[in-house]
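structure19.cif (mmCIF, C-alpha atoms)
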data_data
#
loop_
_atom_site.label_atom_id
_atom_site.label_comp_id
_atom_site.auth_asym_id
_atom_site.auth_seq_id
_atom_site.Cartn_x
_atom_site.Cartn_y
_atom_site.Cartn_z
CA MET Z 920 -19.80 42.97 -37.40
CA CYS Z 921 -19.61 40.94 -40.56
CA LEU Z 922 -22.55 38.72 -41.40
CA SER Z 923 -21.75 37.54 -44.90
CA GLN Z 924 -21.73 33.81 -45.55
CA THR Z 925 -18.02 33.82 -46.33
CA CYS Z 926 -17.11 34.79 -42.79
CA GLU Z 927 -15.89 32.01 -40.60
CA PHE Z 928 -15.93 34.04 -37.43
CA ILE Z 929 -18.06 36.86 -36.19
CA ALA Z 930 -16.74 39.51 -33.81
CA THR Z 931 -19.04 40.41 -30.99
CA GLY Z 932 -18.77 42.34 -27.75
CA LEU Z 933 -19.93 41.29 -24.32
CA GLY Z 934 -19.35 43.83 -21.57
CA ASP Z 935 -15.87 45.19 -22.19
CA LYS Z 936 -14.63 42.04 -23.95
CA LEU Z 937 -14.54 41.19 -27.63
CA PHE Z 938 -15.09 37.63 -28.82
CA ALA Z 939 -14.54 35.88 -32.12
CA VAL Z 940 -17.46 33.51 -32.51
CA PRO Z 941 -17.52 30.76 -35.18
CA MET Z 942 -20.44 31.22 -37.57
CA HIS Z 943 -21.71 27.67 -37.15
CA ALA Z 944 -22.41 28.32 -33.49
CA ILE Z 945 -24.86 31.08 -34.38
CA LYS Z 946 -28.47 30.88 -35.51
CA LEU Z 947 -30.67 33.74 -36.78
CA GLN Z 948 -34.14 34.03 -35.28
CA THR Z 949 -36.86 36.61 -35.77
CA ASN Z 950 -37.24 38.78 -32.71
CA PRO Z 951 -40.74 38.03 -31.40
CA ASP Z 952 -41.11 41.55 -29.96
CA HIS Z 953 -39.79 43.50 -32.95
CA LYS Z 954 -40.72 41.71 -36.17
CA ASP Z 955 -38.36 43.90 -38.16
CA LYS Z 956 -35.35 42.67 -36.25
CA VAL Z 957 -33.52 39.36 -36.03
CA ILE Z 958 -31.73 37.90 -33.05
CA LEU Z 959 -28.44 36.12 -33.29
CA VAL Z 960 -28.52 33.20 -30.89
CA MET Z 961 -25.26 31.57 -29.99
CA ASP Z 962 -25.16 28.22 -28.23
CA VAL Z 963 -22.15 28.77 -25.98
CA SER Z 964 -22.36 25.42 -24.22
CA LYS Z 965 -22.38 23.53 -27.51
CA GLU Z 966 -19.32 25.42 -28.68
CA GLN Z 967 -17.52 24.80 -25.36
CA ARG Z 968 -18.22 21.09 -25.67
CA ARG Z 969 -16.91 21.02 -29.24
CA ILE Z 970 -13.67 22.72 -28.24
CA THR Z 971 -13.00 20.73 -25.09
CA MET Z 972 -13.92 17.34 -26.57
CA LYS Z 973 -11.10 17.66 -29.11
CA ASN Z 974 -8.60 15.69 -27.07
CA PRO Z 975 -9.76 14.06 -23.83
CA LEU Z 976 -6.17 13.69 -22.61
CA THR Z 977 -5.63 17.47 -22.49
CA MET Z 978 -8.70 17.89 -20.29
CA LYS Z 979 -7.94 18.39 -16.59
CA SER Z 980 -10.74 16.10 -15.47
CA TRP Z 981 -13.43 13.75 -16.69
CA SER Z 982 -16.83 13.09 -15.19
CA PRO Z 983 -16.52 10.66 -12.24
CA TYR Z 984 -19.07 8.44 -13.98
CA VAL Z 985 -16.94 8.30 -17.14
CA VAL Z 986 -13.91 7.40 -15.00
CA GLY Z 987 -15.95 4.79 -13.10
CA ILE Z 988 -17.15 3.19 -16.34
CA GLY Z 989 -13.54 3.25 -17.60
CA ILE Z 990 -12.25 1.46 -14.49
CA GLY Z 991 -15.14 -1.02 -14.69
CA VAL Z 992 -14.35 -1.86 -18.32
CA LEU Z 993 -10.63 -2.01 -17.50
CA SER Z 994 -11.56 -4.63 -14.87
CA TRP Z 995 -13.08 -6.81 -17.59
CA PHE Z 996 -9.72 -6.84 -19.34
CA ALA Z 997 -7.84 -7.37 -16.08
CA PHE Z 998 -9.96 -10.48 -15.40
CA GLY Z 999 -10.48 -11.72 -18.95
CA VAL Z 1000 -7.10 -11.04 -20.56
CA ALA Z 1001 -4.60 -10.75 -17.71
CA ASN Z 1002 -6.37 -13.12 -15.25
CA ASN Z 1003 -5.25 -10.66 -12.57
CA PRO Z 1004 -7.74 -8.27 -10.91
CA LEU Z 1005 -6.74 -4.61 -10.56
CA GLY Z 1006 -4.76 -4.26 -7.33
CA ILE Z 1007 -1.86 -2.25 -5.98
CA SER Z 1008 -0.78 -3.33 -2.52
CA THR Z 1009 0.23 -6.95 -3.27
CA ALA Z 1010 3.07 -5.62 -5.43
CA PHE Z 1011 4.37 -3.62 -2.45
CA GLU Z 1012 4.35 -6.72 -0.23
CA HIS Z 1013 6.15 -8.79 -2.86
CA SER Z 1014 8.79 -6.11 -3.40
CA ALA Z 1015 9.29 -5.81 0.35
CA ALA Z 1016 9.63 -9.58 0.74
CA LEU Z 1017 12.17 -9.84 -2.09
CA ALA Z 1018 14.14 -6.89 -0.67
CA GLU Z 1019 14.23 -8.43 2.81
CA LYS Z 1020 15.26 -11.79 1.41
CA ALA Z 1021 18.11 -10.12 -0.48
CA VAL Z 1022 19.37 -8.19 2.55
CA VAL Z 1023 18.87 -10.87 5.23
CA PRO Z 1024 19.60 -14.25 3.61
CA GLN Z 1025 18.34 -16.86 6.08
CA PRO Z 1026 16.08 -15.53 8.81
CA GLU Z 1027 13.40 -17.90 10.03
CA GLN Z 1028 10.37 -15.67 9.71
CA PHE Z 1029 11.07 -14.97 6.05
CA ASN Z 1030 11.40 -18.69 5.36
CA GLU Z 1031 7.98 -19.19 6.88
CA TYR Z 1032 6.57 -16.31 4.83
CA PHE Z 1033 8.02 -17.62 1.58
CA ALA Z 1034 6.98 -21.20 2.38
CA GLN Z 1035 3.37 -20.18 3.08
CA LYS Z 1036 3.17 -18.00 -0.03
CA ALA Z 1037 4.64 -20.76 -2.20
CA GLU Z 1038 2.09 -23.18 -0.79
CA ALA Z 1039 -0.72 -20.78 -1.77
CA GLY Z 1040 0.80 -20.43 -5.25
CA LYS Z 1041 1.51 -16.76 -4.62
CA SER Z 1042 5.30 -16.62 -4.44
CA PRO Z 1043 6.60 -13.05 -4.47
CA LYS Z 1044 7.81 -11.95 -7.88
CA ILE Z 1045 8.38 -8.95 -10.07
CA GLY Z 1046 5.33 -9.60 -12.17
CA LEU Z 1047 2.30 -8.14 -13.83
CA GLY Z 1048 1.16 -6.50 -10.59
CA TRP Z 1049 4.48 -4.72 -10.18
CA MET Z 1050 4.31 -3.37 -13.73
CA LEU Z 1051 0.74 -2.28 -13.07
CA VAL Z 1052 1.97 -0.05 -10.22
CA THR Z 1053 4.70 1.35 -12.48
CA GLY Z 1054 2.04 1.97 -15.13
CA VAL Z 1055 -0.17 3.91 -12.72
CA PHE Z 1056 2.76 6.25 -12.05
CA VAL Z 1057 3.46 6.66 -15.79
CA GLY Z 1058 -0.22 7.09 -16.68
CA ALA Z 1059 -0.81 9.72 -14.01
CA PHE Z 1060 2.37 11.54 -15.07
CA LEU Z 1061 1.30 11.58 -18.74
CA SER Z 1062 -2.25 12.63 -17.91
CA SER Z 1063 -1.20 15.50 -15.63
CA TRP Z 1064 1.56 16.60 -18.01
CA LEU Z 1065 -0.71 16.67 -21.09
CA SER Z 1066 -3.40 18.62 -19.26
CA GLY Z 1067 -1.07 20.97 -17.36
CA ASP Z 1068 -2.45 19.64 -14.08
CA ARG Z 1069 0.92 19.12 -12.37
CA SER Z 1070 0.98 19.59 -8.60
CA THR Z 1071 4.33 20.01 -6.87
CA GLU Z 1072 3.28 21.48 -3.52
CA SER Z 1073 4.45 19.47 -0.50
CA ILE Z 1074 1.54 20.65 1.62
CA PRO Z 1075 -2.08 20.32 0.44
CA ALA Z 1076 -4.22 23.44 1.04
CA MET Z 1077 -6.55 21.69 3.50
CA TRP Z 1078 -3.61 20.39 5.50
CA ARG Z 1079 -1.94 23.83 5.58
CA GLU Z 1080 -5.12 25.44 6.86
CA ARG Z 1081 -5.44 22.93 9.68
CA PHE Z 1082 -1.82 22.04 10.62
CA GLY Z 1083 0.20 24.98 9.27
CA GLY Z 1084 3.00 25.23 6.73
CA SER Z 1085 5.59 22.90 8.30
CA VAL Z 1086 6.98 20.68 5.54
CA PRO Z 1087 8.67 18.18 7.92
CA LEU Z 1088 5.38 17.71 9.80
CA ARG Z 1089 3.45 16.97 6.60
CA LEU Z 1090 6.13 14.63 5.23
CA ALA Z 1091 6.46 12.75 8.53
CA ALA Z 1092 2.69 12.35 8.74
CA ALA Z 1093 2.55 11.17 5.12
CA PHE Z 1094 5.32 8.60 5.77
CA PHE Z 1095 3.80 7.08 8.91
CA ALA Z 1096 0.22 7.27 7.62
CA GLY Z 1097 1.34 5.62 4.38
CA ALA Z 1098 3.06 2.87 6.40
CA LEU Z 1099 -0.02 2.30 8.60
CA MET Z 1100 -2.27 2.24 5.54
CA MET Z 1101 -0.15 -0.34 3.73
CA PHE Z 1102 0.19 -2.45 6.90
CA GLY Z 1103 -3.62 -2.46 7.13
CA ALA Z 1104 -3.98 -3.29 3.46
CA ARG Z 1105 -1.74 -6.33 3.84
CA LEU Z 1106 -3.51 -7.47 7.03
CA ALA Z 1107 -6.76 -7.46 5.05
CA ASP Z 1108 -5.09 -8.71 1.84
CA GLY Z 1109 -6.21 -5.78 -0.33
CA CYS Z 1110 -6.64 -2.03 -0.72
CA THR Z 1111 -9.08 0.35 -2.39
CA SER Z 1112 -8.39 -1.33 -5.74
CA GLY Z 1113 -7.99 -4.99 -4.77
CA HIS Z 1114 -10.82 -5.11 -2.22
CA GLY Z 1115 -12.79 -1.89 -2.82
CA ILE Z 1116 -13.22 -2.26 -6.57
CA SER Z 1117 -12.03 -5.70 -7.76
CA GLY Z 1118 -13.34 -7.57 -4.71
CA SER Z 1119 -16.62 -5.68 -4.41
CA LEU Z 1120 -17.50 -6.22 -8.07
CA GLN Z 1121 -17.07 -9.97 -7.47
CA LEU Z 1122 -19.57 -9.64 -4.60
CA ALA Z 1123 -16.94 -10.96 -2.13
CA VAL Z 1124 -18.06 -10.65 1.49
CA SER Z 1125 -14.50 -9.88 2.69
CA SER Z 1126 -14.26 -6.95 0.27
CA TRP Z 1127 -17.59 -5.35 1.19
CA VAL Z 1128 -16.78 -5.66 4.91
CA PHE Z 1129 -13.27 -4.22 4.40
CA THR Z 1130 -14.62 -1.33 2.31
CA ALA Z 1131 -17.28 -0.49 4.90
CA MET Z 1132 -14.65 -0.69 7.69
CA PHE Z 1133 -12.12 1.57 6.02
CA PHE Z 1134 -14.72 4.11 4.91
CA ALA Z 1135 -16.06 4.29 8.48
CA ALA Z 1136 -12.57 4.57 10.01
CA ALA Z 1137 -11.45 7.19 7.48
CA THR Z 1138 -14.62 9.25 7.90
CA VAL Z 1139 -14.31 9.27 11.69
CA THR Z 1140 -10.61 10.22 11.42
CA ALA Z 1141 -11.15 12.96 8.84
CA LEU Z 1142 -14.10 14.49 10.70
CA ALA Z 1143 -12.07 14.42 13.92
CA LEU Z 1144 -9.10 16.11 12.19
CA TYR Z 1145 -10.90 18.65 9.98
CA GLY Z 1146 -14.52 18.85 11.17
CA ARG Z 1147 -17.40 19.51 8.82
CA THR Z 1148 -17.48 23.31 8.90
CA GLU Z 1149 -13.83 24.16 8.30
CA THR Z 1150 -13.79 22.55 4.88
CA SER Z 1151 -16.68 24.41 3.29
CA HIS Z 1152 -14.38 25.63 0.51
CA VAL Z 1153 -13.80 22.11 -0.80
CA MET A 110 10.85 -14.38 -9.91
CA PHE A 111 9.76 -12.66 -13.14
CA ASP A 112 6.58 -12.97 -15.19
CA SER A 113 6.85 -13.48 -18.96
CA PRO A 114 7.61 -10.34 -21.00
CA GLU A 115 4.07 -10.36 -22.48
CA ARG A 116 2.53 -10.28 -19.03
CA LEU A 117 4.90 -7.52 -17.93
CA VAL A 118 3.86 -5.39 -20.94
CA LEU A 119 0.20 -6.23 -20.33
CA GLY A 120 0.55 -5.10 -16.71
CA LEU A 121 2.22 -1.87 -17.80
CA VAL A 122 -0.56 -1.11 -20.33
CA ILE A 123 -3.35 -1.81 -17.81
CA GLY A 124 -1.47 0.27 -15.23
CA ILE A 125 -1.04 3.26 -17.57
CA LEU A 126 -4.77 3.22 -18.41
CA PHE A 127 -5.59 2.91 -14.70
CA GLY A 128 -3.24 5.82 -13.89
CA ILE A 129 -4.81 8.05 -16.55
CA LEU A 130 -8.30 7.23 -15.25
CA LEU A 131 -7.32 7.96 -11.62
CA GLN A 132 -5.68 11.28 -12.58
CA LYS A 133 -8.61 12.37 -14.78
CA GLY A 134 -11.00 11.34 -12.01
CA ARG A 135 -9.18 13.83 -9.69
CA VAL A 136 -8.81 11.12 -7.03
CA ALA A 137 -5.02 11.59 -7.05
CA LYS A 138 -5.73 14.80 -5.13
CA PHE A 139 -5.63 15.20 -1.34
CA SER A 140 -8.63 17.58 -1.33
CA VAL A 141 -10.85 15.08 -3.19
CA ILE A 142 -9.93 12.06 -1.00
CA VAL A 143 -10.17 13.92 2.30
CA GLY A 144 -13.17 15.84 0.93
CA GLN A 145 -14.94 12.49 0.60
CA PHE A 146 -14.25 11.55 4.22
CA VAL A 147 -15.50 14.88 5.57
CA LEU A 148 -18.60 14.16 3.43
CA LYS A 149 -18.22 17.23 1.22
CA ASP A 150 -17.03 15.75 -2.08
CA TRP A 151 -18.60 12.50 -3.31
CA THR A 152 -16.22 11.90 -6.23
CA VAL A 153 -14.65 8.79 -4.65
CA VAL A 154 -18.02 7.13 -4.05
CA LYS A 155 -19.25 8.02 -7.56
CA ILE A 156 -16.15 6.52 -9.22
CA MET A 157 -15.98 3.40 -7.04
CA GLY A 158 -19.73 2.82 -7.29
CA THR A 159 -19.81 3.14 -11.07
CA ALA A 160 -16.72 0.94 -11.44
CA VAL A 161 -18.21 -1.80 -9.24
CA VAL A 162 -21.57 -1.79 -11.06
CA VAL A 163 -20.03 -1.78 -14.56
CA GLY A 164 -17.28 -4.22 -13.54
CA SER A 165 -19.62 -6.74 -11.91
CA VAL A 166 -21.84 -7.05 -15.01
CA GLY A 167 -18.88 -7.66 -17.33
CA VAL A 168 -16.82 -9.89 -15.06
CA TYR A 169 -19.74 -12.18 -14.14
CA ALA A 170 -20.67 -12.34 -17.84
CA LEU A 171 -17.08 -13.38 -18.68
CA VAL A 172 -17.20 -16.00 -15.92
CA ALA A 173 -20.57 -17.29 -17.22
CA PHE A 174 -19.04 -17.79 -20.68
CA GLY A 175 -15.97 -19.46 -19.19
CA LEU A 176 -13.69 -16.61 -20.24
CA ALA A 177 -12.54 -15.56 -16.77
CA ASP A 178 -12.13 -16.88 -13.23
CA LEU A 179 -13.18 -15.19 -10.03
CA HIS A 180 -10.42 -14.19 -7.59
CA ILE A 181 -12.17 -14.05 -4.23
CA LYS A 182 -10.13 -13.04 -1.18
CA PRO A 183 -10.81 -15.13 1.94
CA PHE A 184 -12.91 -13.55 4.68
CA LEU A 185 -10.44 -13.67 7.59
CA LEU A 186 -12.38 -11.71 10.18
CA GLY A 187 -9.44 -10.40 12.23
CA GLY A 188 -7.37 -9.34 9.26
CA VAL A 189 -10.24 -7.66 7.43
CA LEU A 190 -11.57 -5.74 10.46
CA LEU A 191 -8.21 -4.65 11.94
CA GLY A 192 -6.81 -4.05 8.46
CA GLY A 193 -9.80 -1.90 7.54
CA ILE A 194 -9.33 0.29 10.61
CA CYS A 195 -5.55 0.75 10.06
CA PHE A 196 -6.17 1.39 6.36
CA GLY A 197 -8.93 3.95 6.95
CA VAL A 198 -7.01 5.93 9.60
CA GLY A 199 -3.86 5.92 7.47
CA MET A 200 -5.71 6.93 4.32
CA ALA A 201 -7.47 9.87 6.02
CA VAL A 202 -4.14 11.27 7.34
CA PHE A 203 -2.10 10.53 4.20
CA GLY A 204 -4.88 11.79 1.91
CA TYR A 205 -4.36 9.11 -0.73
CA CYS A 206 -4.94 5.36 -1.01
CA PRO A 207 -2.18 3.06 -2.38
CA GLY A 208 -3.24 3.40 -6.04
CA THR A 209 -4.05 7.09 -5.93
CA GLY A 210 -0.89 7.70 -3.87
CA VAL A 211 1.22 6.26 -6.69
CA ALA A 212 -0.83 8.35 -9.15
CA ALA A 213 -0.24 11.45 -7.00
CA CYS A 214 3.51 10.76 -7.28
CA GLY A 215 3.06 10.78 -11.05
CA GLU A 216 1.29 14.11 -10.72
CA GLY A 217 4.36 15.45 -8.88
CA ASN A 218 3.30 15.68 -5.22
CA PRO A 219 6.36 15.38 -2.91
CA ASP A 220 4.24 14.40 0.10
CA ALA A 221 2.78 11.49 -1.89
CA MET A 222 6.32 10.35 -2.79
CA VAL A 223 7.32 10.28 0.87
CA GLY A 224 4.04 8.53 1.68
CA VAL A 225 4.74 5.84 -0.92
CA MET A 226 8.13 5.28 0.75
CA GLY A 227 6.14 4.90 3.96
CA MET A 228 3.91 2.38 2.21
CA PHE A 229 6.99 0.35 1.33
CA ALA A 230 8.12 0.56 4.97
CA GLY A 231 4.68 -0.68 6.03
CA ALA A 232 5.00 -3.62 3.64
CA LEU A 233 8.50 -4.39 5.03
CA ALA A 234 7.09 -4.39 8.57
CA PHE A 235 4.22 -6.67 7.52
CA VAL A 236 6.51 -9.24 5.91
CA ALA A 237 8.93 -9.15 8.87
CA ALA A 238 6.08 -9.68 11.34
CA TYR A 239 4.21 -12.15 9.12
CA PRO A 240 4.47 -15.27 11.34
CA ALA A 241 3.59 -13.29 14.48
CA LEU A 242 0.60 -11.68 12.77
CA GLN A 243 -1.10 -14.93 11.72
CA PRO A 244 -3.02 -15.40 15.02
CA VAL A 245 -4.33 -11.81 14.69
CA ILE A 246 -5.36 -12.26 11.06
CA LYS A 247 -6.94 -15.69 11.38
CA GLY A 248 -7.73 -15.69 15.11
CA LEU A 249 -11.26 -14.33 14.96
CA GLY A 250 -12.36 -16.78 12.32
CA ASP A 251 -11.86 -17.82 8.72
CA MET A 252 -15.03 -17.88 6.65
CA GLY A 253 -13.19 -18.86 3.46
CA LYS A 254 -13.60 -17.40 -0.01
CA VAL A 255 -17.25 -16.46 0.32
CA THR A 256 -19.41 -14.22 -1.85
CA PHE A 257 -22.92 -12.96 -1.14
CA PRO A 258 -24.41 -15.35 -3.74
CA SER A 259 -22.47 -18.33 -2.35
CA VAL A 260 -23.42 -17.57 1.28
CA THR A 261 -27.12 -17.14 0.50
CA GLY A 262 -27.30 -19.79 -2.22
CA THR A 263 -28.73 -17.32 -4.72
CA SER A 264 -27.84 -16.36 -8.28
CA PRO A 265 -25.14 -13.69 -8.63
CA TRP A 266 -27.37 -11.98 -11.22
CA LEU A 267 -29.90 -11.22 -8.50
CA TRP A 268 -27.20 -9.27 -6.65
CA ILE A 269 -25.91 -7.60 -9.82
CA ALA A 270 -29.47 -6.54 -10.73
CA ALA A 271 -29.77 -5.00 -7.26
CA LEU A 272 -26.42 -3.20 -7.74
CA VAL A 273 -27.47 -1.85 -11.14
CA GLY A 274 -30.90 -0.81 -9.83
CA GLY A 275 -29.37 0.85 -6.78
CA GLY A 276 -26.89 2.66 -9.00
CA ILE A 277 -29.61 4.01 -11.28
CA ILE A 278 -31.71 5.20 -8.32
CA ALA A 279 -28.66 6.90 -6.76
CA LEU A 280 -27.91 8.57 -10.11
CA ILE A 281 -31.48 9.92 -10.42
CA LEU A 282 -31.48 11.24 -6.84
CA LEU A 283 -28.05 12.85 -7.30
CA SER A 284 -28.95 14.51 -10.61
CA ARG A 285 -32.14 15.96 -9.08
CA ARG A 286 -30.21 17.35 -6.12
CA GLY A 287 -27.51 18.67 -8.46
CA LYS A 288 -30.07 20.47 -10.65
CA SER A 289 -31.83 22.20 -7.77
CA THR A 290 -28.58 23.47 -6.22
CA SER A 291 -26.88 24.52 -9.44
CA SER A 292 -29.88 26.49 -10.76
CA SER A 293 -30.42 28.36 -7.51
CA LEU A 294 -26.80 29.20 -6.74
CA ASN A 295 -25.02 29.67 -9.99
CA PRO A 296 -27.14 29.80 -13.13
CA PRO A 297 -25.08 28.61 -16.11
CA LEU A 298 -24.81 30.95 -19.08
CA ASN A 299 -26.32 28.95 -21.89
CA SER A 300 -26.76 31.42 -24.67
CA VAL A 301 -25.91 34.94 -25.69
CA SER A 302 -28.30 36.73 -27.98
CA VAL A 303 -27.38 39.69 -30.12
CA SER A 304 -30.03 42.05 -31.50
CA VAL A 305 -29.42 43.33 -35.01
CA PRO A 306 -31.94 45.46 -36.95
CA ARG A 307 -33.15 43.42 -39.95
CA SER A 308 -32.49 46.33 -42.30
CA GLN A 309 -28.82 46.25 -41.47
CA ARG A 310 -28.15 42.56 -42.16
CA GLY A 311 -25.09 42.12 -44.31
CA THR A 312 -23.59 45.47 -43.38
CA ARG A 313 -21.19 46.57 -40.72
CA THR A 314 -22.96 47.59 -37.57
CA ARG A 315 -22.62 47.96 -33.84
CA ALA A 316 -24.31 45.11 -32.12
CA THR A 317 -26.20 45.36 -28.90
CA VAL A 318 -25.61 42.36 -26.76
CA SER A 319 -27.67 40.91 -24.02
CA LYS A 320 -27.05 37.90 -21.85
CA SER A 321 -29.77 35.40 -21.24
CA ASN A 322 -29.96 32.27 -19.22
CA ARG A 323 -32.16 29.98 -21.19
CA PRO A 324 -32.20 26.40 -20.07
CA SER A 325 -30.69 24.37 -22.86
#

Reformat the file's structure so that it appears as C-alpha cells.
Amino acid sequence: MCLSQTCEFIATGLGDKLFAVPMHAIKLQTNPDHKDKVILVMDVSKEQRRITMKNPLTMKSWSPYVVGIGIGVLSWFAFGVANNPLGISTAFEHSAALAEKAVVPQPEQFNEYFAQKAEAGKSPKIGLGWMLVTGVFVGAFLSSWLSGDRSTESIPAMWRERFGGSVPLRLAAAFFAGALMMFGARLADGCTSGHGISGSLQLAVSSWVFTAMFFAAATVTALALYGRTETSHV
Amino acid sequence: MFDSPERLVLGLVIGILFGILLQKGRVAKFSVIVGQFVLKDWTVVKIMGTAVVVGSVGVYALVAFGLADLHIKPFLLGGVLLGGICFGVGMAVFGYCPGTGVAACGEGNPDAMVGVMGMFAGALAFVAAYPALQPVIKGLGDMGKVTFPSVTGTSPWLWIAALVGGGIIALILLSRRGKSTSSSLNPPLNSVSVSVPRSQRGTRTRATVSKSNRPS
C-alpha cells in the first residue's frame, strides 16, 4: 500500500478482491481502541455517487421522483410553450382517421367523424402530437442505447412464468390488448398521459374518474391473471 | 393537415424528453407496469403522483399569469367509465400504456411493437364506429368541462395545496417504510475501514481490512 501524498489511487484488498481506491475518498482517523494506529475510512457511497452522476444519460434508471418532477416540469412547457398538453392517444386516432379517409374516399361515417371534429376545432392532422409520439420512440431508444438497457425479448419474464414461452400467444395478446386499450382511451378521450397526468394536474373531474377507473380495472385484471403470491420476485 | 415546422420540431423535442424520462423511470418495462397492478411495485404511482403535483403548481401558476390556457376534457360519463374499464383491462394484459408502449418499442421490445400495431387497429375501429359510439359515450350524461374547483366553486390553489400536502405526507410515510425494510433485510455497505499501524505510515505494508456498516 502506498500512502504518500503523490499517489492518486491506493490499492487495498477486501476478501479475495483488490481495489484501486482514489485518495480523495479516504480519510485518516485515529483508532479509538489503539491510539498508536490510524484507520483509513473510505466513503464508498460518496464515491459511487460521484462516479454514477457523471452522465445521467448512461444511467439505467433515475429515481421515480426525479422522473416525476421531470414530467411535471415538461408539462409546464407543454402548456406554456406548445399550448398542447402531453398526450399520446389522440395522435393515434388522427392517424387512423387520415388513413381511413385515404383508403375509403367517401363513406358516410367518416364524413360525420370529420365534420364533428372540424366543428370542435380538432380536425385530424399530422401535427405536434404526432411528432411527440415519434419523439417518445426516439427518446426511449437513445436512453436505452446510451445506458445499455436494451430489451429485445418477445416474452416478458412474468408472462413466461404464467403463460409459458409461446411467442405467438404473447404477440396475439399484445395486439388485441393494445387494440382494446386504445379503443378505451379514445372512448374516454385520453390515456395515462392525456388524462392520467395532463388532465389530473388540471384538476379535471373526467381525468380523475378515468384514472381511478383504469387503475381499478387494471388491478383487478392483473391480480386475476398473476395473483399476489406468484410475483414475489418483482 | 400539417402543423407549422416550428410546432413539429417543438413536438419532437418534447417527445424526446418525455421518452427519455419514461425510459429512465423504468415504466417502459412490463414488470414495472404489471408489478404496479399486482401491488408489488409502486413506481408508476410515484412517477404519476410527483408529475401531477409538480405539474399542477406550475400550470396553474402559468394560467394565473395569463401565460397558458387550461385544456379540460369533458366529463362524458359513459365514455369515461367504459373507456376506463377497456383501458385498464387492455393495459394489464399488454403490460404497457400508450406512451410507455411506444417507449418500450424504442427500447426494442418486439411484443410492444406488435401491441402498438394493435393500438393503431383499435384507433381504426374507434374512428370507423364513431357515429355508432356516440350514444354510448354521451348517453349516460355530459357534465361538460368541469374541474374540482369549478364544481365546488373553490379556489384551485386550495386543491393544489391539498395535493402538495398529500404528496409530502405520502413521501414521509414511504421513506419511513423504506428505511425500516432496507435496514432489516439488506444493510447497505457504507464504509470500509482499513487498520494501519501508525508507525508504518508512508511505507509499504499489508493492510488488514474490515467491513463496517455505519449509517452514513

* Picked residues, the PyMOL selection byres ((chain Z and resi 1126-1133) around 9), expected as a PyMOL selection string -> (chain Z and resi 1107+1109-1111+1113-1125+1134-1138) or (chain A and resi 181-182+184+189-198+200)

* To do: Find the residue from A:Ala270, A:Ala173, A:Ala232, A:Val154 that sits nearest to chain Z; use all atoms listed in the file when measuring.
  => A:Ala232

* **Hits of the PyMOL selection byres ((chain A and resi 212) around 8) in this structure, as a ChimeraX atom specification** => /Z:1055-1056,1058-1060 /A:128,131-132,137,208-211,213-216

* Structure fact -> Residue with the minimum atom-to-atom distance to Gly231 of chain A, picked from Z:Ser1008, Z:Leu1017, Z:Trp1064, Z:Asn974 with all atoms listed in the file counted, is Z:Ser1008

* **Given only C-alpha atoms as the counted atoms, nearest of Z:Ser980, Z:Gln1035, Z:Ser1066, Z:Ser1085 to chain A** =>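 Closest candidate: Z:Ser980.
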
* To do: Using all atoms listed in the file, determine which residues lie at most 9 Å from Met1050 of chain Z, disregarding the query and same-chain residues fewer than 5 positions distant; provide the list as an MDAnalysis selection string.
  => (chainID Z and resid 1010 1045 1055) or (chainID A and resid 116:124)

* Asked: Which residue, A:Gln145, A:Asn218, A:Gln243, A:Ser113, has the smallest gap to chain Z when you use all atoms listed in the file?
  -> A:Asn218

* Evaluate the PyMOL selection byres ((chain A and resi 203) around 7) here and jot the selected residues down as a ChimeraX atom specification. => /Z:1092-1093,1096-1097 /A:199-202,204-205,224

* Please indicate the distance in Å from atom CA of Lys1036 of chain Z to atom CA of Phe996 of chain Z, rounded to one decimal place. => 25.8 Å

* State, in Å with one decimal place, the distance from atom CA of Val163 of chain A to atom CA of Leu179 of chain A. => 15.7 Å
